[in-house]
>>> print(open('work-v6.txt').read())   # compact mmCIF, C-alpha atoms
# COMPACT_ATOMS: atom_id res chain seq x y z
CA MET A 1 -16.34 -9.07 -25.69
CA ASP A 2 -12.78 -10.01 -24.72
CA TYR A 3 -10.11 -7.48 -23.74
CA SER A 4 -8.57 -7.22 -27.21
CA ALA A 5 -11.96 -6.52 -28.81
CA PHE A 6 -12.72 -4.06 -25.99
CA LYS A 7 -9.59 -2.02 -26.79
CA ASP A 8 -10.38 -2.01 -30.51
CA TYR A 9 -13.95 -0.88 -29.84
CA ILE A 10 -12.73 2.00 -27.66
CA ALA A 11 -10.26 3.17 -30.32
CA GLU A 12 -12.83 2.98 -33.11
CA ASN A 13 -15.63 4.77 -31.28
CA ILE A 14 -14.11 7.25 -28.82
CA LYS A 15 -14.29 10.23 -31.22
CA GLU A 16 -18.08 9.96 -31.32
CA PHE A 17 -18.12 10.93 -27.63
CA LEU A 18 -15.69 13.84 -27.96
CA SER A 19 -16.43 17.39 -29.08
CA ASP A 20 -15.94 18.38 -32.70
CA LYS A 21 -12.47 19.84 -32.13
CA TYR A 22 -11.14 16.29 -31.71
CA ALA A 23 -12.45 15.14 -35.11
CA ASP A 24 -8.96 15.12 -36.62
CA SER A 25 -7.18 13.77 -33.54
CA GLN A 26 -4.93 10.75 -33.69
CA VAL A 27 -6.06 7.86 -31.49
CA THR A 28 -3.37 5.45 -30.32
CA ILE A 29 -3.40 2.51 -27.93
CA GLN A 30 -0.07 1.32 -26.61
CA SER A 31 1.40 -0.69 -23.75
CA VAL A 32 3.01 1.29 -20.93
CA VAL A 33 5.49 -0.48 -18.66
CA LYS A 34 5.11 0.65 -15.06
CA ASN A 35 6.28 -0.62 -11.69
CA ASN A 36 5.46 -4.35 -11.44
CA GLU A 37 2.95 -4.23 -14.29
CA THR A 38 2.26 -3.39 -17.93
CA LEU A 39 -0.88 -1.38 -18.67
CA ASP A 40 -2.66 -0.43 -21.88
CA ALA A 41 -3.23 3.25 -22.49
CA ILE A 42 -5.14 5.32 -25.01
CA THR A 43 -3.88 8.71 -26.18
CA ILE A 44 -5.98 11.14 -28.22
CA THR A 45 -3.66 13.76 -29.68
CA SER A 46 -5.05 16.93 -31.26
CA PRO A 47 -3.37 18.29 -34.42
CA ASP A 48 -2.43 21.56 -32.67
CA THR A 49 -0.50 19.98 -29.77
CA ASN A 50 2.08 17.27 -29.18
CA VAL A 51 0.83 16.55 -25.66
CA SER A 52 -1.96 14.23 -24.67
CA PRO A 53 -2.95 12.66 -21.34
CA THR A 54 -2.35 8.95 -20.94
CA ILE A 55 -5.61 7.21 -20.06
CA TYR A 56 -5.23 3.62 -18.84
CA LEU A 57 -7.85 1.17 -20.08
CA ASN A 58 -7.38 -1.80 -17.76
CA SER A 59 -9.65 -0.50 -15.03
CA TYR A 60 -12.31 0.44 -17.60
CA PHE A 61 -12.37 -3.15 -18.82
CA GLU A 62 -12.99 -4.27 -15.24
CA GLN A 63 -15.94 -1.88 -15.15
CA TYR A 64 -17.22 -3.41 -18.39
CA GLU A 65 -16.94 -6.92 -16.94
CA ASN A 66 -18.88 -5.72 -13.90
CA GLY A 67 -21.78 -4.64 -16.08
CA LYS A 68 -21.12 -1.02 -17.05
CA SER A 69 -22.23 -0.21 -20.59
CA MET A 70 -19.76 0.66 -23.34
CA ASP A 71 -21.45 4.03 -23.90
CA THR A 72 -20.97 4.95 -20.24
CA ILE A 73 -17.32 3.89 -20.38
CA LEU A 74 -16.70 5.87 -23.57
CA GLU A 75 -18.35 8.91 -21.99
CA SER A 76 -16.03 8.60 -18.99
CA ILE A 77 -12.90 8.33 -21.14
CA ALA A 78 -13.99 11.28 -23.26
CA ALA A 79 -14.61 13.37 -20.14
CA VAL A 80 -11.14 12.60 -18.80
CA ARG A 81 -9.57 13.54 -22.14
CA GLU A 82 -11.38 16.87 -22.38
CA GLU A 83 -10.71 17.76 -18.75
CA HIS A 84 -6.97 17.38 -19.38
CA GLU A 85 -6.71 19.36 -22.59
CA VAL A 86 -3.39 21.16 -23.15
CA ASP A 87 -3.84 24.18 -25.40
CA ARG A 88 -0.21 24.56 -26.46
CA ALA A 89 2.59 22.41 -27.78
CA PHE A 90 5.16 21.06 -25.35
CA ASP A 91 8.76 22.28 -25.75
CA VAL A 92 10.63 18.96 -26.08
CA SER A 93 13.94 20.67 -25.25
CA LYS A 94 12.74 20.64 -21.65
CA ILE A 95 13.48 16.91 -21.58
CA THR A 96 16.05 16.44 -24.36
CA GLU A 97 18.68 19.05 -23.46
CA TYR A 98 20.98 18.42 -20.52
CA ASP A 99 21.16 22.05 -19.35
CA GLU A 100 17.36 22.06 -19.11
CA VAL A 101 17.10 18.87 -17.05
CA LYS A 102 20.22 18.71 -14.86
CA ASP A 103 18.50 20.32 -11.87
CA LYS A 104 15.28 18.35 -12.40
CA ILE A 105 16.61 14.79 -12.36
CA TYR A 106 15.36 12.63 -9.52
CA CYS A 107 15.14 8.91 -8.81
CA LYS A 108 12.51 6.32 -7.98
CA LEU A 109 13.13 2.98 -6.33
CA VAL A 110 11.60 -0.21 -7.77
CA GLY A 111 12.09 -3.93 -7.36
CA VAL A 112 14.20 -5.76 -9.94
CA GLU A 113 12.31 -9.05 -10.08
CA ASN A 114 9.08 -7.84 -11.70
CA ASN A 115 10.57 -5.03 -13.75
CA GLU A 116 13.03 -6.72 -16.09
CA LYS A 117 11.37 -5.35 -19.22
CA MET A 118 11.28 -1.79 -17.94
CA LEU A 119 14.90 -1.93 -16.79
CA GLN A 120 16.05 -3.07 -20.22
CA GLU A 121 14.94 0.30 -21.58
CA ARG A 122 16.18 2.55 -18.78
CA PRO A 123 19.46 3.26 -17.00
CA TYR A 124 19.43 2.16 -13.38
CA THR A 125 21.61 1.55 -10.34
CA LEU A 126 21.36 -1.74 -8.45
CA VAL A 127 20.62 -1.25 -4.74
CA GLY A 128 20.66 -3.87 -2.00
CA ASP A 129 20.92 -6.86 -4.38
CA ASP A 130 17.38 -6.69 -5.79
CA LEU A 131 16.26 -3.05 -5.90
CA ALA A 132 16.89 -0.57 -8.71
CA ALA A 133 17.06 3.22 -8.75
CA THR A 134 15.59 4.58 -11.98
CA TYR A 135 15.82 8.19 -13.11
CA HIS A 136 13.22 10.75 -14.14
CA VAL A 137 12.87 14.39 -15.17
CA SER A 138 10.46 16.43 -13.08
CA LEU A 139 8.19 18.69 -15.14
CA GLY A 140 6.64 20.35 -12.11
CA GLU A 141 3.05 20.24 -10.94
CA ASP A 142 -0.32 21.39 -12.16
CA SER A 143 -3.89 20.95 -10.95
CA ASN A 144 -3.69 17.26 -11.86
CA GLY A 145 -0.61 16.53 -9.76
CA SER A 146 3.10 16.07 -10.42
CA MET A 147 4.38 15.49 -13.93
CA SER A 148 7.53 13.70 -15.02
CA VAL A 149 9.10 11.63 -17.77
CA PRO A 150 11.36 8.59 -17.29
CA ILE A 151 14.93 8.80 -18.53
CA THR A 152 15.45 6.10 -21.14
CA ASN A 153 18.75 4.74 -22.39
CA GLN A 154 18.40 6.99 -25.44
CA LEU A 155 17.83 10.12 -23.34
CA MET A 156 20.85 9.27 -21.17
CA GLU A 157 23.00 9.02 -24.30
CA ASN A 158 21.65 12.37 -25.48
CA TYR A 159 22.71 13.92 -22.17
CA GLY A 160 26.16 12.36 -22.47
CA LEU A 161 25.86 10.84 -19.00
CA SER A 162 26.45 7.45 -17.40
CA PRO A 163 24.12 5.78 -14.87
CA LYS A 164 26.63 6.70 -12.16
CA GLN A 165 26.44 10.38 -13.13
CA LEU A 166 22.63 10.25 -13.27
CA HIS A 167 22.58 8.75 -9.79
CA PHE A 168 24.88 11.47 -8.45
CA LEU A 169 22.67 14.20 -9.91
CA ALA A 170 19.49 12.60 -8.55
CA ILE A 171 20.88 12.40 -5.01
CA GLN A 172 22.28 15.92 -5.29
CA ASN A 173 18.83 17.22 -6.31
CA MET A 174 16.95 15.30 -3.60
CA PRO A 175 16.92 18.05 -0.91
CA THR A 176 15.26 20.38 -3.42
CA LEU A 177 13.05 18.05 -5.48
CA SER A 178 12.22 15.43 -2.87
CA PRO A 179 13.08 16.59 0.67
CA SER A 180 12.85 13.77 3.19
CA THR A 181 10.92 13.45 6.42
CA PHE A 182 11.73 11.02 9.23
CA LYS A 183 9.14 10.66 11.96
CA GLY A 184 8.22 8.21 14.65
CA MET A 185 5.21 6.04 13.86
CA ASN A 186 3.41 7.42 16.91
CA GLU A 187 3.87 10.96 15.59
CA VAL A 188 2.59 9.91 12.17
CA MET A 189 -0.46 8.24 13.72
CA ALA A 190 -1.13 11.31 15.86
CA GLU A 191 -1.04 13.58 12.79
CA MET A 192 -3.52 11.32 11.02
CA MET A 193 -5.88 11.18 14.00
CA LEU A 194 -5.67 14.81 15.07
CA PRO A 195 -8.20 16.38 12.62
CA GLN A 196 -10.93 13.94 13.67
CA MET A 197 -10.05 14.37 17.35
CA ILE A 198 -10.32 18.16 17.03
CA ALA A 199 -13.73 17.73 15.43
CA ASP A 200 -14.76 15.39 18.27
CA PHE A 201 -13.74 18.08 20.79
CA ASP A 202 -15.72 20.79 18.97
CA GLY A 203 -12.62 22.50 17.60
CA ASP A 204 -10.63 22.47 20.85
CA ARG A 205 -7.15 21.59 19.53
CA GLU A 206 -5.51 21.69 22.96
CA ALA A 207 -7.95 19.17 24.40
CA ALA A 208 -7.61 16.94 21.32
CA GLU A 209 -3.80 16.93 21.58
CA ALA A 210 -3.98 16.14 25.28
CA MET A 211 -6.25 13.17 24.57
CA LEU A 212 -3.93 11.91 21.84
CA ASN A 213 -0.90 12.21 24.12
CA SER A 214 -2.68 10.06 26.69
CA MET A 215 -3.57 7.44 24.07
CA ILE A 216 -0.26 7.12 22.20
CA PRO A 217 2.88 5.77 23.89
CA PRO A 218 5.72 8.34 24.00
CA GLU A 219 8.43 5.88 22.93
CA ASP A 220 8.65 4.86 19.28
CA LYS A 221 9.77 1.41 18.13
CA MET A 222 9.14 2.11 14.46
CA PHE A 223 9.78 5.13 12.25
CA VAL A 224 8.62 6.32 8.82
CA LEU A 225 11.04 7.57 6.16
CA THR A 226 9.50 9.25 3.12
CA ASN A 227 9.50 12.62 1.37
CA VAL A 228 7.35 15.67 1.96
CA ALA A 229 5.07 14.78 -0.96
CA LYS A 230 4.77 11.15 0.21
CA LEU A 231 5.24 10.17 -3.44
CA ASN A 232 8.04 7.75 -4.39
CA GLY A 233 9.53 8.51 -0.98
CA ALA A 234 11.29 5.14 -0.60
CA SER A 235 14.08 6.67 -2.70
CA CYS A 236 15.05 8.78 0.33
CA MET A 237 17.01 5.81 1.66
CA LEU A 238 19.44 6.23 -1.25
CA ASP A 239 20.82 9.41 0.34
CA THR A 240 23.63 8.24 2.63
CA SER A 241 23.58 11.52 4.60
CA ILE A 242 19.97 10.81 5.58
CA MET A 243 20.77 7.20 6.45
CA ASP A 244 23.76 8.25 8.53
CA SER A 245 21.61 10.70 10.49
CA ILE A 246 19.08 7.92 11.16
CA LYS A 247 21.90 5.67 12.39
CA GLU A 248 22.99 8.40 14.81
CA ARG A 249 19.44 8.76 16.10
CA VAL A 250 18.29 5.15 16.49
CA GLY A 251 21.43 3.00 16.18
CA ASP A 252 21.59 0.00 13.82
CA PHE A 253 18.26 -0.59 12.12
CA PHE A 254 16.23 -2.69 9.72
CA ILE A 255 14.44 -1.18 6.71
CA LEU A 256 10.97 -2.44 5.82
CA PRO A 257 9.91 -1.52 2.25
CA SER A 258 6.25 -0.83 2.91
CA SER A 259 5.82 0.62 -0.61
CA ILE A 260 7.60 2.65 -3.28
CA HIS A 261 6.33 5.71 -1.41
CA GLU A 262 7.79 5.08 2.04
CA VAL A 263 9.88 2.71 4.13
CA LEU A 264 9.68 1.82 7.79
CA VAL A 265 12.75 1.91 10.02
CA VAL A 266 12.90 -0.52 12.94
CA PRO A 267 15.85 -0.22 15.36
CA LYS A 268 17.58 -3.56 15.85
CA ASN A 269 17.35 -3.07 19.61
CA ALA A 270 13.54 -2.91 19.40
CA GLY A 271 13.44 -6.67 19.95
CA MET A 272 11.81 -7.69 16.68
CA ASP A 273 13.17 -10.80 14.96
CA LEU A 274 14.21 -10.64 11.31
CA SER A 275 11.98 -13.55 10.32
CA GLU A 276 9.05 -11.83 12.05
CA LEU A 277 9.71 -8.62 10.12
CA GLU A 278 9.99 -10.50 6.80
CA ALA A 279 6.66 -12.20 7.42
CA MET A 280 5.11 -8.82 8.21
CA VAL A 281 6.37 -7.28 4.95
CA LYS A 282 5.10 -10.19 2.86
CA GLU A 283 1.69 -10.14 4.53
CA VAL A 284 1.25 -6.39 4.08
CA ASN A 285 2.34 -6.54 0.44
CA ALA A 286 -0.07 -9.39 -0.29
CA THR A 287 -3.08 -7.85 1.42
CA GLN A 288 -2.66 -4.08 1.74
CA VAL A 289 -0.40 -2.70 -1.02
CA ALA A 290 -1.52 -2.27 -4.64
CA PRO A 291 0.74 -4.09 -7.15
CA GLN A 292 1.91 -0.82 -8.72
CA ASP A 293 3.06 0.43 -5.29
CA ARG A 294 4.92 -2.69 -4.13
CA LEU A 295 8.67 -2.44 -3.69
CA SER A 296 9.96 -5.72 -2.25
CA ASP A 297 9.13 -8.62 0.05
CA HIS A 298 12.57 -8.46 1.69
CA VAL A 299 13.89 -6.63 4.73
CA TYR A 300 17.03 -4.51 4.36
CA ALA A 301 19.72 -3.00 6.56
CA TYR A 302 22.22 -0.17 6.24
CA ASP A 303 25.99 -0.48 6.54
CA ALA A 304 27.08 2.98 7.71
CA GLU A 305 30.78 2.24 7.15
CA ALA A 306 30.37 0.95 3.59
CA LYS A 307 27.51 3.43 2.90
CA GLU A 308 25.46 0.58 1.44
CA ILE A 309 22.00 -0.89 1.75
CA TYR A 310 21.86 -4.69 1.74
CA ARG A 311 19.33 -7.46 2.22
CA ALA A 312 19.25 -8.30 5.91
CA ASP A 313 18.97 -12.03 5.23
CA LEU A 314 22.17 -11.84 3.15
CA GLU A 315 24.31 -10.17 5.80
CA ASP A 316 27.04 -12.81 5.68
CA GLU A 317 27.40 -12.40 1.92
CA HIS A 318 27.44 -8.62 2.32
CA ARG A 319 30.19 -8.76 4.96
CA ALA A 320 32.26 -11.11 2.80
CA LYS A 321 31.94 -8.76 -0.18
CA VAL A 322 32.90 -5.71 1.89
CA ASP A 323 35.90 -7.53 3.37
CA GLU A 324 37.04 -8.65 -0.09
CA MET A 325 36.78 -5.10 -1.44
CA SER A 326 38.70 -3.77 1.56
CA GLN A 327 41.46 -6.34 1.08
CA SER A 328 41.62 -5.58 -2.64
CA THR A 329 41.97 -1.88 -1.93
CA THR A 330 44.73 -2.59 0.58
CA ARG A 331 46.62 -4.77 -1.91
CA LYS A 332 46.40 -2.06 -4.58
CA ALA A 333 47.56 0.60 -2.12
CA SER A 334 50.58 -1.49 -1.14
CA GLY A 335 51.42 -2.28 -4.78
CA ARG A 336 50.91 -6.02 -4.41
>>> encode(input="work-v6.txt", output="structure tokens")
Amino acid sequence: MDYSAFKDYIAENIKEFLSDKYADSQVTIQSVVKNNETLDAITITSPDTNVSPTIYLNSYFEQYENGKSMDTILESIAAVREEHEVDRAFDVSKITEYDEVKDKIYCKLVGVENNEKMLQERPYTLVGDDLAATYHVSLGEDSNGSMSVPITNQLMENYGLSPKQLHFLAIQNMPTLSPSTFKGMNEVMAEMMLPQMIADFDGDREAAEAMLNSMIPPEDKMFVLTNVAKLNGASCMLDTSIMDSIKERVGDFFILPSSIHEVLVVPKNAGMDLSELEAMVKEVNATQVAPQDRLSDHVYAYDAEAKEIYRADLEDEHRAKVDEMSQSTTRKASGR
């Protein structure tokens, strides 16, 4: 059975594995454009609600190819659907009316190269030559995690906003919706290792911390910028106040996009060559980061005077553009 036949079989047979209350449900399979990829999803919508979980089928087809039976796969999909039942209709005004969403708008950062189709349908702001900030409405959290909807071109028009205004709102909301954290890599590693070390020392936290302090160098050459939730935290670098505070702390720095969830900050005085850092980013992306979490293969830098992020390998072009803009502003100011 090929993938197309697999999807058709799922749609035609899924109700047989659901309880009777889903007998009149509408089954739909559609493509969903996500970061760096397009997935196929099934929705099973009950007559008494307008909300249904999105269940992606691509990984289930991989299970089928690896020998799992169709009945087992259908049972799994049915279980996911029933576990995520919503017993009331969703108030669409929570995403369609500006007054409802203005304090809930936030941004995600994605790469431009592999997301052309998605960016055709959504407002975005170009960042650092080949990154894009997209905008979303937070719907809060439940037992299944955070919930949100992307802002499409149509939604933006409904709000009466421009991409520039969306961007301003998203950055303004960041301290509340997505507060940032900036820590040294050694501190991050220590936090990850501490629970196991405490267990190794029979619950003696003081002894575990002492051992960690002896193992981890006190001086950091790399830092982690993300948000408290560690979800889509790369967008924190869009807040110039955060970037300015990092500049004050570590001096000029490179930005390594380790994923859409976090970036690494490497001070330029740490002695690491740009080409070495670029090779590191490409290697990690190719071997360690899932496609849906990849941000970019390039290294970036921050211009504190221009308040801009730019590709580090395009510094000459960036300086030329900044100089031209400065000269243009001077000419306009002088009336020439």
>>> closest_atom_pairs(input="work-v6.txt", of="region 83-171 of chain A", to="region 28-47 of chain A", cutoff="8 Å", atoms="only C-alpha atoms", output="JSON lines")
{"residue": "A:Val110", "atom": "CA", "partner": "A:Asn35", "partner_atom": "CA", "distance": 6.6}
{"residue": "A:Gly111", "atom": "CA", "partner": "A:Asn36", "partner_atom": "CA", "distance": 7.8}
{"residue": "A:Asn114", "atom": "CA", "partner": "A:Asn36", "partner_atom": "CA", "distance": 5.0}
{"residue": "A:Asn115", "atom": "CA", "partner": "A:Asn36", "partner_atom": "CA", "distance": 5.6}
{"residue": "A:Lys117", "atom": "CA", "partner": "A:Val33", "partner_atom": "CA", "distance": 7.7}
{"residue": "A:Met118", "atom": "CA", "partner": "A:Val33", "partner_atom": "CA", "distance": 6.0}
>>> residues_around(input="work-v6.txt", residues="region 285-289 of chain A", least_positions_apart="3", cutoff="12 Å", atoms="all atoms listed in the file", output="PyMOL selection string")
chain A and resi 256-262+278-282+292-298
>>> closest_atom_pairs(input="work-v6.txt", of="region 85-183 of chain A", to="region 236-248 of chain A", cutoff="10 Å", atoms="only C-alpha atoms", output="JSON lines")
{"residue": "A:Cys107", "atom": "CA", "partner": "A:Leu238", "partner_atom": "CA", "distance": 9.1}
{"residue": "A:Lys108", "atom": "CA", "partner": "A:Cys236", "partner_atom": "CA", "distance": 9.0}
{"residue": "A:Leu109", "atom": "CA", "partner": "A:Leu238", "partner_atom": "CA", "distance": 8.7}
{"residue": "A:Val127", "atom": "CA", "partner": "A:Leu238", "partner_atom": "CA", "distance": 8.3}
{"residue": "A:Ala133", "atom": "CA", "partner": "A:Leu238", "partner_atom": "CA", "distance": 8.4}
{"residue": "A:His167", "atom": "CA", "partner": "A:Leu238", "partner_atom": "CA", "distance": 9.4}
{"residue": "A:Phe168", "atom": "CA", "partner": "A:Asp239", "partner_atom": "CA", "distance": 9.9}
{"residue": "A:Ala170", "atom": "CA", "partner": "A:Asp239", "partner_atom": "CA", "distance": 9.5}
{"residue": "A:Ile171", "atom": "CA", "partner": "A:Asp239", "partner_atom": "CA", "distance": 6.1}
{"residue": "A:Gln172", "atom": "CA", "partner": "A:Asp239", "partner_atom": "CA", "distance": 8.7}
{"residue": "A:Met174", "atom": "CA", "partner": "A:Cys236", "partner_atom": "CA", "distance": 7.8}
{"residue": "A:Pro175", "atom": "CA", "partner": "A:Cys236", "partner_atom": "CA", "distance": 9.5}
{"residue": "A:Ser178", "atom": "CA", "partner": "A:Cys236", "partner_atom": "CA", "distance": 7.9}
{"residue": "A:Pro179", "atom": "CA", "partner": "A:Cys236", "partner_atom": "CA", "distance": 8.1}
{"residue": "A:Ser180", "atom": "CA", "partner": "A:Cys236", "partner_atom": "CA", "distance": 6.2}
{"residue": "A:Thr181", "atom": "CA", "partner": "A:Cys236", "partner_atom": "CA", "distance": 8.7}
{"residue": "A:Phe182", "atom": "CA", "partner": "A:Ile246", "partner_atom": "CA", "distance": 8.2}
>>> write_last_selection(input="work-v6.txt", atoms="C-alpha atoms", output="PDB file, in the coordinates of the input")
ATOM      1  CA  CYS A 107      15.140   8.910  -8.810  1.00  0.00           C
ATOM      2  CA  LYS A 108      12.510   6.320  -7.980  1.00  0.00           C
ATOM      3  CA  LEU A 109      13.130   2.980  -6.330  1.00  0.00           C
ATOM      4  CA  VAL A 127      20.620  -1.250  -4.740  1.00  0.00           C
ATOM      5  CA  ALA A 133      17.060   3.220  -8.750  1.00  0.00           C
ATOM      6  CA  HIS A 167      22.580   8.750  -9.790  1.00  0.00           C
ATOM      7  CA  PHE A 168      24.880  11.470  -8.450  1.00  0.00           C
ATOM      8  CA  ALA A 170      19.490  12.600  -8.550  1.00  0.00           C
ATOM      9  CA  ILE A 171      20.880  12.400  -5.010  1.00  0.00           C
ATOM     10  CA  GLN A 172      22.280  15.920  -5.290  1.00  0.00           C
ATOM     11  CA  MET A 174      16.950  15.300  -3.600  1.00  0.00           C
ATOM     12  CA  PRO A 175      16.920  18.050  -0.910  1.00  0.00           C
ATOM     13  CA  SER A 178      12.220  15.430  -2.870  1.00  0.00           C
ATOM     14  CA  PRO A 179      13.080  16.590   0.670  1.00  0.00           C
ATOM     15  CA  SER A 180      12.850  13.770   3.190  1.00  0.00           C
ATOM     16  CA  THR A 181      10.920  13.450   6.420  1.00  0.00           C
ATOM     17  CA  PHE A 182      11.730  11.020   9.230  1.00  0.00           C
TER      18      PHE A 182
END
>>> atom_distance(input="work-v6.txt", atom1="CA of Lys321 (chain A)", atom2="CA of Leu169 (chain A)")
26.6 Å
>>> atom_distance(input="work-v6.txt", atom1="CA of Asp48 (chain A)", atom2="CA of Ser25 (chain A)")
9.2 Å
>>> atom_distance(input="work-v6.txt", atom1="CA of Asn66 (chain A)", atom2="CA of Val27 (chain A)")
25.7 Å
>>> closest_residue(input="work-v6.txt", among="A:Asp91, A:Glu85, A:Glu324, A:Glu317", to="Asp129 (chain A)", atoms="all atoms listed in the file")
A:Glu317
>>> closest_residue(input="work-v6.txt", among="A:Leu155, A:Arg81, A:Ile105, A:Asp130", to="Ser93 (chain A)", atoms="all atoms listed in the file")
A:Leu155
>>> residues_around(input="work-v6.txt", residues="Lys15 (chain A)", least_positions_apart="5", cutoff="10 Å", atoms="only C-alpha atoms", output="count of residues only")
12
>>> closest_residue(input="work-v6.txt", among="A:Asp204, A:Glu276, A:Glu209, A:Glu121", to="Asn153 (chain A)", atoms="only C-alpha atoms")
A:Glu121
>>> residues_around(input="work-v6.txt", residues="Asp220 (chain A)", least_positions_apart="2", cutoff="7 Å", atoms="all atoms listed in the file", output="list in words")
Gly184, Met185, Asn186, Pro218 and Met222 of chain A
>>> closest_residue(input="work-v6.txt", among="A:Ile73, A:Val92, A:Asp200, A:Asn13", to="Val51 (chain A)", atoms="all atoms listed in the file")
A:Val92
>>> closest_residue(input="work-v6.txt", among="A:Arg311, A:Lys68, A:His136, A:Lys183", to="Ile95 (chain A)", atoms="only C-alpha atoms")
A:His136
>>> decode(input="work-v6.txt", residues="region 22-28 of chain A", atoms="all heavy atoms", output="CSV table (one decimal), in the first residue's frame")
chain,number,residue,atom,x,y,z
A,22,TYR,N,-19.0,9.1,17.8
A,22,TYR,CA,-18.3,9.7,16.6
A,22,TYR,C,-18.9,9.2,15.3
A,22,TYR,O,-18.4,9.5,14.2
A,22,TYR,CB,-16.8,9.4,16.6
A,22,TYR,CG,-16.1,10.0,17.8
A,22,TYR,CD1,-15.9,9.3,18.9
A,22,TYR,CD2,-15.6,11.3,17.7
A,22,TYR,CE1,-15.2,9.8,20.0
A,22,TYR,CE2,-15.0,11.9,18.8
A,22,TYR,CZ,-14.7,11.1,19.9
A,22,TYR,OH,-14.1,11.7,21.0
A,23,ALA,N,-20.1,8.6,15.3
A,23,ALA,CA,-20.7,8.0,14.1
A,23,ALA,C,-21.0,9.0,13.1
A,23,ALA,O,-20.9,8.8,11.9
A,23,ALA,CB,-21.9,7.2,14.5
A,24,ASP,N,-21.4,10.2,13.5
A,24,ASP,CA,-21.8,11.3,12.6
A,24,ASP,C,-20.7,12.3,12.4
A,24,ASP,O,-20.9,13.4,11.9
A,24,ASP,CB,-23.1,12.0,13.1
A,24,ASP,CG,-24.2,11.0,13.1
A,24,ASP,OD1,-24.3,10.1,12.2
A,24,ASP,OD2,-25.1,11.1,14.0
A,25,SER,N,-19.5,12.0,12.8
A,25,SER,CA,-18.4,13.0,12.7
A,25,SER,C,-17.9,13.1,11.3
A,25,SER,O,-18.1,12.2,10.4
A,25,SER,CB,-17.2,12.5,13.6
A,25,SER,OG,-17.5,12.5,14.9
A,26,GLN,N,-17.3,14.3,11.0
A,26,GLN,CA,-16.8,14.5,9.7
A,26,GLN,C,-15.3,14.2,9.7
A,26,GLN,O,-14.5,14.8,10.6
A,26,GLN,CB,-17.0,16.0,9.3
A,26,GLN,CG,-16.4,16.4,7.9
A,26,GLN,CD,-16.7,17.8,7.6
A,26,GLN,OE1,-17.3,18.5,8.3
A,26,GLN,NE2,-16.2,18.2,6.4
A,27,VAL,N,-14.8,13.4,8.8
A,27,VAL,CA,-13.4,13.0,8.7
A,27,VAL,C,-12.8,13.8,7.5
A,27,VAL,O,-13.3,13.7,6.4
A,27,VAL,CB,-13.3,11.5,8.5
A,27,VAL,CG1,-11.8,11.1,8.4
A,27,VAL,CG2,-13.9,10.7,9.7
A,28,THR,N,-11.7,14.5,7.8
A,28,THR,CA,-11.0,15.2,6.8
A,28,THR,C,-9.5,15.0,6.9
A,28,THR,O,-9.0,15.0,8.0
A,28,THR,CB,-11.3,16.8,7.0
A,28,THR,OG1,-12.7,17.0,7.0
A,28,THR,CG2,-10.7,17.6,5.8
